[in-house]
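Chemist: Take a look at work_2.cif, mmCIF, C-alpha atoms:
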data_structure
loop_
_atom_site.label_atom_id
_atom_site.label_comp_id
_atom_site.auth_asym_id
_atom_site.auth_seq_id
_atom_site.Cartn_x
_atom_site.Cartn_y
_atom_site.Cartn_z
CA MET A 435 0.00 0.00 0.00
CA LYS A 436 1.20 3.49 -0.85
CA GLU A 437 0.70 6.33 1.59
CA TYR A 438 0.53 10.01 0.72
CA ASN A 439 -0.39 13.34 2.20
CA LEU A 440 -2.78 15.56 0.28
CA SER A 441 -0.11 17.73 -1.30
CA ASN A 442 1.66 14.95 -3.21
CA VAL A 443 -1.09 12.57 -4.28
CA SER A 444 -2.47 12.02 -7.74
CA VAL A 445 -4.50 8.89 -8.50
CA GLY A 446 -6.38 7.92 -11.62
CA ASN A 447 -9.86 6.35 -11.63
CA SER A 448 -10.40 5.60 -7.97
CA VAL A 449 -12.97 4.36 -5.51
CA VAL A 450 -12.61 6.30 -2.27
CA ALA A 451 -13.68 5.64 1.31
CA LEU A 452 -13.96 8.90 3.25
CA GLY A 453 -13.81 9.28 7.02
CA LYS A 454 -11.77 9.87 10.17
CA PHE A 455 -11.25 6.11 10.59
CA GLN A 456 -10.10 6.43 14.20
CA GLY A 457 -10.13 2.84 15.33
CA LEU A 458 -10.83 1.09 12.02
CA HIS A 459 -13.64 -0.76 13.74
CA LYS A 460 -16.22 -3.17 12.37
CA GLY A 461 -18.36 -0.33 11.00
CA HIS A 462 -15.41 1.24 9.20
CA MET A 463 -14.59 -2.12 7.66
CA LEU A 464 -17.92 -2.12 5.82
CA LEU A 465 -16.61 0.87 3.87
CA ILE A 466 -13.14 -0.58 3.40
CA ASN A 467 -14.46 -3.92 2.17
CA LYS A 468 -16.77 -2.14 -0.27
CA ILE A 469 -13.99 -0.16 -1.94
CA ILE A 470 -11.90 -3.34 -2.21
CA GLU A 471 -14.82 -5.11 -3.89
CA LEU A 472 -15.44 -2.24 -6.32
CA SER A 473 -11.77 -1.82 -7.12
CA LYS A 474 -11.50 -5.50 -8.10
CA ASN A 475 -14.75 -5.61 -10.05
CA GLU A 476 -14.18 -2.40 -12.00
CA GLN A 477 -10.37 -2.16 -12.15
CA LEU A 478 -10.21 0.98 -10.02
CA THR A 479 -7.63 2.14 -7.49
CA SER A 480 -8.87 1.67 -3.92
CA VAL A 481 -8.22 4.76 -1.79
CA VAL A 482 -8.83 5.39 1.88
CA LEU A 483 -8.89 9.12 2.57
CA THR A 484 -8.22 9.52 6.28
CA ILE A 485 -9.13 12.89 7.78
CA ASP A 486 -6.56 13.09 10.57
CA ILE A 487 -8.06 15.02 13.47
CA LYS A 488 -5.57 15.13 16.32
CA SER A 489 -6.63 13.11 19.35
CA ASN A 490 -4.93 12.73 22.71
CA LYS A 491 -5.04 8.95 22.67
CA LEU A 492 -5.59 6.67 19.70
CA ILE A 493 -6.94 3.14 19.34
CA ASN A 494 -4.59 2.74 16.38
CA VAL A 495 -1.46 4.85 16.02
CA PRO A 496 -0.41 5.61 12.40
CA SER A 497 1.88 2.57 12.05
CA GLU A 498 -0.96 0.27 13.20
CA ARG A 499 -3.44 1.94 10.87
CA TYR A 500 -1.03 1.33 8.00
CA GLU A 501 -0.68 -2.34 8.96
CA ILE A 502 -4.45 -2.87 9.06
CA LEU A 503 -5.16 -1.14 5.74
CA ASN A 504 -2.22 -2.85 4.07
CA SER A 505 -3.49 -6.25 5.25
CA LYS A 506 -6.80 -5.49 3.53
CA LYS A 507 -4.94 -4.86 0.25
CA VAL A 508 -5.93 -1.20 0.03
CA ASP A 509 -3.95 0.45 -2.78
CA VAL A 510 -3.56 3.96 -1.38
CA ASN A 511 -4.03 5.69 1.96
CA VAL A 512 -4.23 9.49 1.77
CA ILE A 513 -3.73 11.25 5.10
CA VAL A 514 -5.37 14.66 5.29
CA GLU A 515 -4.38 16.82 8.25
CA PHE A 516 -7.30 18.80 9.63
CA THR A 517 -5.70 22.23 9.24
CA GLU A 518 -7.38 25.64 9.15
CA SER A 519 -7.04 25.77 5.36
CA PHE A 520 -8.59 22.32 4.97
CA ALA A 521 -11.43 23.20 7.35
CA ALA A 522 -12.11 26.36 5.32
CA LEU A 523 -12.83 24.45 2.09
CA SER A 524 -16.43 24.72 1.00
CA PRO A 525 -18.16 21.39 0.34
CA GLU A 526 -17.85 21.87 -3.41
CA GLU A 527 -14.19 22.90 -3.13
CA PHE A 528 -13.58 19.71 -1.16
CA VAL A 529 -15.17 17.64 -3.93
CA LYS A 530 -13.53 19.47 -6.85
CA SER A 531 -10.00 20.01 -5.49
CA ILE A 532 -9.61 16.64 -3.78
CA LEU A 533 -12.00 14.01 -5.10
CA ILE A 534 -11.98 15.13 -8.73
CA ASP A 535 -8.65 16.86 -9.37
CA LYS A 536 -6.43 14.63 -7.21
CA LEU A 537 -8.25 11.30 -7.02
CA HIS A 538 -10.34 11.23 -10.22
CA VAL A 539 -13.01 9.45 -8.25
CA LYS A 540 -15.65 7.14 -9.75
CA TYR A 541 -17.23 5.95 -6.47
CA VAL A 542 -17.30 7.54 -3.01
CA VAL A 543 -18.13 5.32 -0.03
CA VAL A 544 -19.10 6.97 3.27
CA GLY A 545 -21.11 6.54 6.43
CA ALA A 546 -24.67 7.87 6.22
CA ASP A 547 -23.86 10.59 8.77
CA PHE A 548 -20.72 11.79 6.97
CA ARG A 549 -20.34 15.57 6.86
CA PHE A 550 -17.62 17.61 5.21
CA GLY A 551 -16.50 21.05 4.13
CA TYR A 552 -16.66 24.41 5.88
CA LYS A 553 -18.64 24.18 9.13
CA ARG A 554 -19.56 20.61 8.09
CA LEU A 555 -22.15 22.02 5.70
CA GLY A 556 -21.82 19.12 3.26
CA ASP A 557 -23.79 15.92 3.88
CA VAL A 558 -24.51 12.75 1.93
CA ARG A 559 -27.40 14.34 0.02
CA TYR A 560 -25.12 17.17 -1.08
CA LEU A 561 -22.35 14.71 -1.95
CA LYS A 562 -24.76 12.83 -4.21
CA SER A 563 -25.70 16.07 -5.96
CA MET A 564 -21.97 16.70 -6.54
CA GLY A 565 -21.74 13.17 -7.92
CA GLU A 566 -24.40 13.99 -10.47
CA LYS A 567 -22.51 17.15 -11.41
CA TYR A 568 -19.02 15.64 -11.62
CA GLY A 569 -19.81 12.06 -12.64
CA PHE A 570 -19.30 9.79 -9.64
CA SER A 571 -21.56 7.55 -7.59
CA VAL A 572 -22.05 7.68 -3.82
CA ILE A 573 -22.63 4.66 -1.56
CA ALA A 574 -23.62 5.41 2.05
CA PHE A 575 -23.70 2.86 4.87
CA GLU A 576 -25.96 3.24 7.88
CA LYS A 577 -24.37 3.01 11.34
CA LEU A 578 -23.61 -0.57 12.25
CA GLN A 579 -25.14 -1.81 15.51
CA ILE A 580 -24.22 -4.77 17.70
CA ASP A 581 -26.73 -5.76 20.38
CA ASP A 582 -28.59 -2.46 19.84
CA THR A 583 -25.39 -0.47 20.42
CA VAL A 584 -23.94 1.70 17.65
CA VAL A 585 -20.38 0.74 16.76
CA SER A 586 -18.34 3.91 17.28
CA THR A 587 -14.79 4.93 18.11
CA THR A 588 -15.98 6.77 21.22
CA TYR A 589 -17.77 3.70 22.59
CA ILE A 590 -14.82 1.41 21.85
CA LYS A 591 -12.47 3.80 23.66
CA GLU A 592 -14.77 3.60 26.69
CA LEU A 593 -14.60 -0.21 26.56
CA ILE A 594 -10.81 -0.15 26.36
CA LEU A 595 -10.58 2.19 29.35
CA LYS A 596 -12.82 -0.23 31.29
CA GLY A 597 -10.64 -3.20 30.34
CA ASP A 598 -13.53 -5.03 28.66
CA MET A 599 -11.27 -6.64 26.07
CA LYS A 600 -13.73 -9.31 24.93
CA LYS A 601 -16.28 -6.67 23.98
CA VAL A 602 -13.57 -4.55 22.38
CA SER A 603 -12.66 -7.51 20.17
CA MET A 604 -16.31 -7.90 19.15
CA PHE A 605 -16.65 -4.24 18.13
CA LEU A 606 -13.26 -3.99 16.41
CA ASP A 607 -13.67 -7.42 14.78
CA ARG A 608 -10.12 -8.16 15.93
CA GLU A 609 -8.25 -8.12 19.21
CA PHE A 610 -7.02 -4.77 20.50
CA SER A 611 -3.22 -4.74 20.28
CA VAL A 612 -0.08 -2.79 21.09
CA SER A 613 3.15 -2.96 19.14
CA GLY A 614 6.62 -1.74 19.84
CA GLN A 615 10.27 -2.51 20.32
CA ILE A 616 11.32 -4.70 23.23
CA ILE A 617 13.60 -2.84 25.62
CA LYS A 618 15.57 -3.93 28.67
CA GLY A 619 13.89 -3.45 32.03
CA LYS A 620 15.04 -4.29 35.53
CA GLN A 621 15.19 -8.00 34.57
CA LEU A 622 13.69 -8.99 37.92
CA GLY A 623 11.14 -11.31 36.33
CA ARG A 624 13.75 -13.78 35.17
CA THR A 625 14.98 -14.19 38.78
CA ILE A 626 11.61 -15.73 39.75
CA GLY A 627 11.11 -17.73 36.58
CA PHE A 628 8.93 -15.18 34.76
CA PRO A 629 11.10 -13.22 32.31
CA THR A 630 9.22 -10.42 30.63
CA ALA A 631 9.50 -8.36 27.47
CA ASN A 632 9.18 -4.66 28.23
CA ILE A 633 7.46 -2.92 25.35
CA CYS A 634 8.08 0.65 24.21
CA VAL A 635 4.83 1.93 22.67
CA ASP A 636 3.83 5.18 21.01
CA ASP A 637 2.98 7.90 23.55
CA ASN A 638 -0.31 8.55 21.75
CA LYS A 639 -1.50 4.95 22.15
CA LEU A 640 -4.62 4.44 24.24
CA LEU A 641 -4.00 1.78 26.90
CA PRO A 642 -6.34 -0.39 28.98
CA PRO A 643 -6.36 0.12 32.77
CA LYS A 644 -3.63 -1.17 35.04
CA GLY A 645 -3.73 -4.90 35.64
CA ALA A 646 -2.89 -8.32 34.25
CA TYR A 647 -4.29 -9.57 30.94
CA SER A 648 -4.47 -12.77 28.98
CA THR A 649 -2.75 -11.92 25.70
CA LYS A 650 -1.14 -13.30 22.57
CA ALA A 651 2.39 -12.23 21.65
CA ILE A 652 3.60 -12.21 18.06
CA ILE A 653 7.36 -12.29 17.46
CA ASP A 654 8.94 -12.98 14.07
CA GLY A 655 5.52 -13.92 12.74
CA ILE A 656 4.90 -16.62 15.37
CA GLU A 657 2.06 -16.29 17.88
CA TYR A 658 2.42 -17.40 21.51
CA LYS A 659 0.12 -17.33 24.50
CA ALA A 660 1.23 -14.68 26.99
CA ILE A 661 0.44 -12.75 30.15
CA THR A 662 0.76 -8.97 29.99
CA ASN A 663 0.89 -6.55 32.89
CA ILE A 664 0.21 -2.84 32.62
CA GLY A 665 1.21 -0.85 35.66
CA TYR A 666 3.92 0.33 38.04
CA ASN A 667 5.20 -3.00 39.47
CA PRO A 668 4.59 -2.00 43.12
CA THR A 669 5.73 -5.35 44.57
CA VAL A 670 9.28 -5.01 43.25
CA GLY A 671 9.90 -1.36 44.06
CA GLY A 672 7.67 0.27 41.49
CA ASN A 673 8.30 2.52 38.50
CA ASP A 674 7.72 6.20 37.92
CA ASN A 675 5.90 5.57 34.66
CA ILE A 676 3.44 2.95 33.54
CA ILE A 677 5.17 0.05 31.83
CA ILE A 678 3.88 -2.74 29.63
CA GLU A 679 5.59 -6.08 30.14
CA THR A 680 4.72 -9.45 28.66
CA HIS A 681 5.65 -12.92 29.85
CA ILE A 682 5.58 -15.16 26.79
CA LEU A 683 4.61 -18.75 27.52
CA GLU A 684 6.79 -21.53 26.16
CA PHE A 685 9.35 -19.16 24.64
CA ASN A 686 13.05 -18.96 25.48
CA GLY A 687 14.61 -16.98 22.63
CA ASP A 688 16.56 -13.73 22.68
CA ILE A 689 14.05 -10.97 22.04
CA TYR A 690 15.79 -7.71 22.92
CA SER A 691 15.49 -5.03 20.23
CA LYS A 692 12.92 -7.12 18.35
CA THR A 693 9.47 -5.77 17.56
CA ILE A 694 6.57 -7.42 19.34
CA LYS A 695 2.82 -7.24 18.82
CA VAL A 696 0.62 -8.05 21.81
CA LYS A 697 -3.09 -8.84 21.35
CA PHE A 698 -5.33 -8.43 24.38
CA VAL A 699 -7.71 -11.34 24.88
CA ASP A 700 -9.19 -10.83 28.36
CA TYR A 701 -8.72 -8.99 31.63
CA LEU A 702 -7.38 -11.23 34.40
CA ARG A 703 -7.06 -9.12 37.55
CA PRO A 704 -6.06 -5.72 38.91
CA GLU A 705 -2.45 -4.87 39.69
CA TYR A 706 -1.71 -5.72 43.33
CA LYS A 707 1.10 -4.91 45.70
CA PHE A 708 1.84 -8.37 47.07
CA GLU A 709 3.22 -8.91 50.57
CA SER A 710 6.27 -10.71 49.20
CA ILE A 711 7.99 -11.82 46.02
CA GLU A 712 6.88 -15.36 46.84
CA GLU A 713 3.22 -14.28 46.87
CA LEU A 714 3.74 -12.55 43.53
CA LYS A 715 5.29 -15.71 42.10
CA LYS A 716 2.34 -17.82 43.27
CA GLN A 717 -0.12 -15.45 41.62
CA LEU A 718 1.88 -15.49 38.39
CA GLU A 719 1.77 -19.28 38.45
CA ARG A 720 -2.04 -19.13 38.80
CA ASP A 721 -2.22 -16.61 35.94
CA LYS A 722 -0.05 -18.84 33.78
CA MET A 723 -2.17 -21.94 34.38
CA PHE A 724 -5.34 -20.03 33.55
CA VAL A 725 -3.96 -18.63 30.31
CA MET A 726 -2.45 -21.95 29.21
CA HIS A 727 -5.84 -23.66 29.49
CA GLN A 728 -7.91 -20.96 27.81
#
Translate the structure described by the file into structure tokens.
Modeler:
Amino acid sequence: MKEYNLSNVSVGNSVVALGKFQGLHKGHMLLINKIIELSKNEQLTSVVLTIDIKSNKLINVPSERYEILNSKKVDVNVIVEFTESFAALSPEEFVKSILIDKLHVKYVVVGADFRFGYKRLGDVRYLKSMGEKYGFSVIAFEKLQIDDTVVSTTYIKELILKGDMKKVSMFLDREFSVSGQIIKGKQLGRTIGFPTANICVDDNKLLPPKGAYSTKAIIDGIEYKAITNIGYNPTVGGNDNIIIETHILEFNGDIYSKTIKVKFVDYLRPEYKFESIEELKKQLERDKMFVMHQ
């Protein structure tokens, strides 16, 4: 997949999915799958146009967003920063200067509540009128619901912050994950038989609450069962900052400086300050047995 910003993109005969795509959840995937289908059936270039509105914490940081879209075989991702000049574009200027002049669009795929242009004056009805004027078709998807709940980035963020990883997986249609380079920590885990991989993640990544989780760790393309702790490690002296560390079951290789991806399966327990290292070790043994037999 190729990735561009708005200033350096030019694509011929495209089918474009428009949106903020913060989370790339199950509802977003309806749009993505549609442009893939149309691109194959009509020999068009599939384009995801991501309107990048800055957010404090993200479900998917840019590298993860790239990985997801690339895995879907999207041809092009165009990242549009939500600047003052972009926000000032009238709805028709948005259509003409971006969709027509830069992307030569034949189909536009959006959510039914999509709004665009200056003061969000453009809606799907207006977009369809622009399609009639400039020669493209518009396909709009209604909001997806699961168990009478609308699938939205805001709701999924709430689930992540509650640690409800099973429900997060259902709404994302994949397990929530973190990725990063493995760095050296205090190496205390190996002294009690539970060596851990400390993971350096993007500062903008949204994290679940402190505690222990049943996870899956992917290293060098191989997936292992794992236990991941998010917290301060109070039993062994604590840390100033929250750390993410993963104990990978049935793995003994050298992993420092490698990249790891950790998928969160389920919440196990809160982070405790145990009375002794021995008590901590016993709890880790219980965690390990539970995860191994999941």
Chemist: Just give me the gap between atom CA of A:Arg703 and atom CA of A:Lys716 in Å, one decimal is fine.
Modeler: 14.0 Å
Chemist: Could you jot down the atom CA of A:Phe610 to atom CA of A:Phe550 separation for me, Å, one decimal place?
Modeler: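 Separation between atom CA of A:Phe610 and atom CA of A:Phe550: 29.1 Å.
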Chemist: Applied to the shown file, which residues does the PyMOL selection byres ((chain A and resi 520-523) around 12) return, written as JSON, numbers by chain?
Modeler: {"A": [440, 441, 485, 486, 487, 514, 515, 516, 517, 518, 519, 524, 525, 526, 527, 528, 529, 530, 531, 532, 549, 550, 551, 552, 553, 554, 555, 556]}
Chemist: Going by the chain IDs and residue numbers used in this file, which residues fall under the PyMOL selection byres ((chain A and resi 706) around 12)? Write them as a list in words.
Modeler: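 Applied to this file, the PyMOL selection byres ((chain A and resi 706) around 12) selects Lys644, Gly645, Ala646, Asn663, Ile664, Gly665, Tyr666, Asn667, Pro668, Thr669, Val670, Gly672, Leu702, Arg703, Pro704, Glu705, Lys707, Phe708, Glu709, Ser710, Ile711, Glu713, Leu714, Gln717 and Leu718 of chain A.
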Chemist: Check the smallest atom-to-atom distance from each of A:Val544, A:Val699, A:Leu503, A:Ile573 to A:Met604 using all atoms listed in the file, then report the winner.
Modeler: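 Ranked by minimum distance to A:Met604, first place goes to A:Val699.
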Chemist: Using the chain letters and numbers from this file, what does the PyMOL selection byres ((chain A and resi 659) around 8) select? Give the answer as a PyMOL selection string.
Modeler: chain A and resi 648-651+657-658+660-661+682-683+725-726
Chemist: Keeping only C-alpha atoms, take the residues you just selected and write them out as a PDB file, in the frame of the given file.
Modeler:
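Result written to out-v1.pdb:
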ATOM      1  CA  SER A 648      -4.470 -12.770  28.980  1.00  0.00           C
ATOM      2  CA  THR A 649      -2.750 -11.920  25.700  1.00  0.00           C
ATOM      3  CA  LYS A 650      -1.140 -13.300  22.570  1.00  0.00           C
ATOM      4  CA  ALA A 651       2.390 -12.230  21.650  1.00  0.00           C
ATOM      5  CA  GLU A 657       2.060 -16.290  17.880  1.00  0.00           C
ATOM      6  CA  TYR A 658       2.420 -17.400  21.510  1.00  0.00           C
ATOM      7  CA  ALA A 660       1.230 -14.680  26.990  1.00  0.00           C
ATOM      8  CA  ILE A 661       0.440 -12.750  30.150  1.00  0.00           C
ATOM      9  CA  ILE A 682       5.580 -15.160  26.790  1.00  0.00           C
ATOM     10  CA  LEU A 683       4.610 -18.750  27.520  1.00  0.00           C
ATOM     11  CA  VAL A 725      -3.960 -18.630  30.310  1.00  0.00           C
ATOM     12  CA  MET A 726      -2.450 -21.950  29.210  1.00  0.00           C
TER      13      MET A 726
END
Chemist: Model the absent atoms of stretch 541-573 of chain A so that N, CA and C atoms are present, and write the result as an mmCIF file, in the frame of the given file.
Modeler:
data_model
loop_
_atom_site.group_PDB
_atom_site.id
_atom_site.type_symbol
_atom_site.label_atom_id
_atom_site.label_comp_id
_atom_site.auth_asym_id
_atom_site.auth_seq_id
_atom_site.Cartn_x
_atom_site.Cartn_y
_atom_site.Cartn_z
ATOM 1 N N TYR A 541 -16.305 6.299 -7.552
ATOM 2 C CA TYR A 541 -17.230 5.950 -6.470
ATOM 3 C C TYR A 541 -16.703 6.565 -5.175
ATOM 4 N N VAL A 542 -17.629 7.071 -4.358
ATOM 5 C CA VAL A 542 -17.300 7.540 -3.010
ATOM 6 C C VAL A 542 -18.130 6.712 -2.033
ATOM 7 N N VAL A 543 -17.459 6.151 -1.026
ATOM 8 C CA VAL A 543 -18.130 5.320 -0.030
ATOM 9 C C VAL A 543 -17.969 5.992 1.328
ATOM 10 N N VAL A 544 -19.109 6.238 1.999
ATOM 11 C CA VAL A 544 -19.100 6.970 3.270
ATOM 12 C C VAL A 544 -20.121 6.372 4.237
ATOM 13 N N GLY A 545 -20.047 6.822 5.483
ATOM 14 C CA GLY A 545 -21.110 6.540 6.430
ATOM 15 C C GLY A 545 -22.263 7.487 6.179
ATOM 16 N N ALA A 546 -23.483 7.055 6.514
ATOM 17 C CA ALA A 546 -24.670 7.870 6.220
ATOM 18 C C ALA A 546 -24.669 9.205 6.931
ATOM 19 N N ASP A 547 -23.897 9.337 8.029
ATOM 20 C CA ASP A 547 -23.860 10.590 8.770
ATOM 21 C C ASP A 547 -22.635 11.435 8.416
ATOM 22 N N PHE A 548 -21.935 11.076 7.348
ATOM 23 C CA PHE A 548 -20.720 11.790 6.970
ATOM 24 C C PHE A 548 -21.033 13.246 6.624
ATOM 25 N N ARG A 549 -20.217 14.146 7.160
ATOM 26 C CA ARG A 549 -20.340 15.570 6.860
ATOM 27 C C ARG A 549 -18.961 16.099 6.533
ATOM 28 N N PHE A 550 -18.916 17.121 5.690
ATOM 29 C CA PHE A 550 -17.620 17.610 5.210
ATOM 30 C C PHE A 550 -17.732 19.067 4.783
ATOM 31 N N GLY A 551 -16.551 19.671 4.577
ATOM 32 C CA GLY A 551 -16.500 21.050 4.130
ATOM 33 C C GLY A 551 -16.666 22.044 5.263
ATOM 34 N N TYR A 552 -16.598 23.307 4.915
ATOM 35 C CA TYR A 552 -16.660 24.410 5.880
ATOM 36 C C TYR A 552 -17.874 24.273 6.798
ATOM 37 N N LYS A 553 -17.604 24.317 8.101
ATOM 38 C CA LYS A 553 -18.640 24.180 9.130
ATOM 39 C C LYS A 553 -19.490 22.922 8.945
ATOM 40 N N ARG A 554 -18.904 21.904 8.304
ATOM 41 C CA ARG A 554 -19.560 20.610 8.090
ATOM 42 C C ARG A 554 -20.911 20.783 7.355
ATOM 43 N N LEU A 555 -20.907 21.719 6.406
ATOM 44 C CA LEU A 555 -22.150 22.020 5.700
ATOM 45 C C LEU A 555 -22.521 20.939 4.680
ATOM 46 N N GLY A 556 -21.533 20.173 4.223
ATOM 47 C CA GLY A 556 -21.820 19.120 3.260
ATOM 48 C C GLY A 556 -22.285 17.852 3.929
ATOM 49 N N ASP A 557 -23.320 17.213 3.366
ATOM 50 C CA ASP A 557 -23.790 15.920 3.880
ATOM 51 C C ASP A 557 -23.900 14.947 2.715
ATOM 52 N N VAL A 558 -24.439 13.771 2.969
ATOM 53 C CA VAL A 558 -24.510 12.750 1.930
ATOM 54 C C VAL A 558 -25.412 13.201 0.772
ATOM 55 N N ARG A 559 -26.514 13.859 1.090
ATOM 56 C CA ARG A 559 -27.400 14.340 0.020
ATOM 57 C C ARG A 559 -26.662 15.309 -0.898
ATOM 58 N N TYR A 560 -25.888 16.213 -0.276
ATOM 59 C CA TYR A 560 -25.120 17.170 -1.080
ATOM 60 C C TYR A 560 -24.040 16.443 -1.876
ATOM 61 N N LEU A 561 -23.398 15.472 -1.262
ATOM 62 C CA LEU A 561 -22.350 14.710 -1.950
ATOM 63 C C LEU A 561 -22.924 14.012 -3.178
ATOM 64 N N LYS A 562 -24.132 13.487 -3.055
ATOM 65 C CA LYS A 562 -24.760 12.830 -4.210
ATOM 66 C C LYS A 562 -25.068 13.838 -5.315
ATOM 67 N N SER A 563 -25.454 15.047 -4.929
ATOM 68 C CA SER A 563 -25.700 16.070 -5.960
ATOM 69 C C SER A 563 -24.400 16.440 -6.681
ATOM 70 N N MET A 564 -23.279 16.452 -5.922
ATOM 71 C CA MET A 564 -21.970 16.700 -6.540
ATOM 72 C C MET A 564 -21.587 15.531 -7.453
ATOM 73 N N GLY A 565 -21.992 14.323 -7.073
ATOM 74 C CA GLY A 565 -21.740 13.170 -7.920
ATOM 75 C C GLY A 565 -22.436 13.286 -9.260
ATOM 76 N N GLU A 566 -23.658 13.785 -9.219
ATOM 77 C CA GLU A 566 -24.400 13.990 -10.470
ATOM 78 C C GLU A 566 -23.723 15.050 -11.331
ATOM 79 N N LYS A 567 -23.160 16.054 -10.676
ATOM 80 C CA LYS A 567 -22.510 17.150 -11.410
ATOM 81 C C LYS A 567 -21.169 16.718 -11.993
ATOM 82 N N TYR A 568 -20.391 15.969 -11.217
ATOM 83 C CA TYR A 568 -19.020 15.640 -11.620
ATOM 84 C C TYR A 568 -18.833 14.196 -12.104
ATOM 85 N N GLY A 569 -19.894 13.391 -12.044
ATOM 86 C CA GLY A 569 -19.810 12.060 -12.640
ATOM 87 C C GLY A 569 -19.261 10.967 -11.761
ATOM 88 N N PHE A 570 -19.659 10.926 -10.501
ATOM 89 C CA PHE A 570 -19.300 9.790 -9.640
ATOM 90 C C PHE A 570 -20.516 9.348 -8.843
ATOM 91 N N SER A 571 -20.465 8.118 -8.364
ATOM 92 C CA SER A 571 -21.560 7.550 -7.590
ATOM 93 C C SER A 571 -21.209 7.572 -6.105
ATOM 94 N N VAL A 572 -22.237 7.642 -5.265
ATOM 95 C CA VAL A 572 -22.050 7.680 -3.820
ATOM 96 C C VAL A 572 -22.772 6.493 -3.187
ATOM 97 N N ILE A 573 -22.058 5.780 -2.328
ATOM 98 C CA ILE A 573 -22.630 4.660 -1.560
ATOM 99 C C ILE A 573 -22.501 5.006 -0.087
#
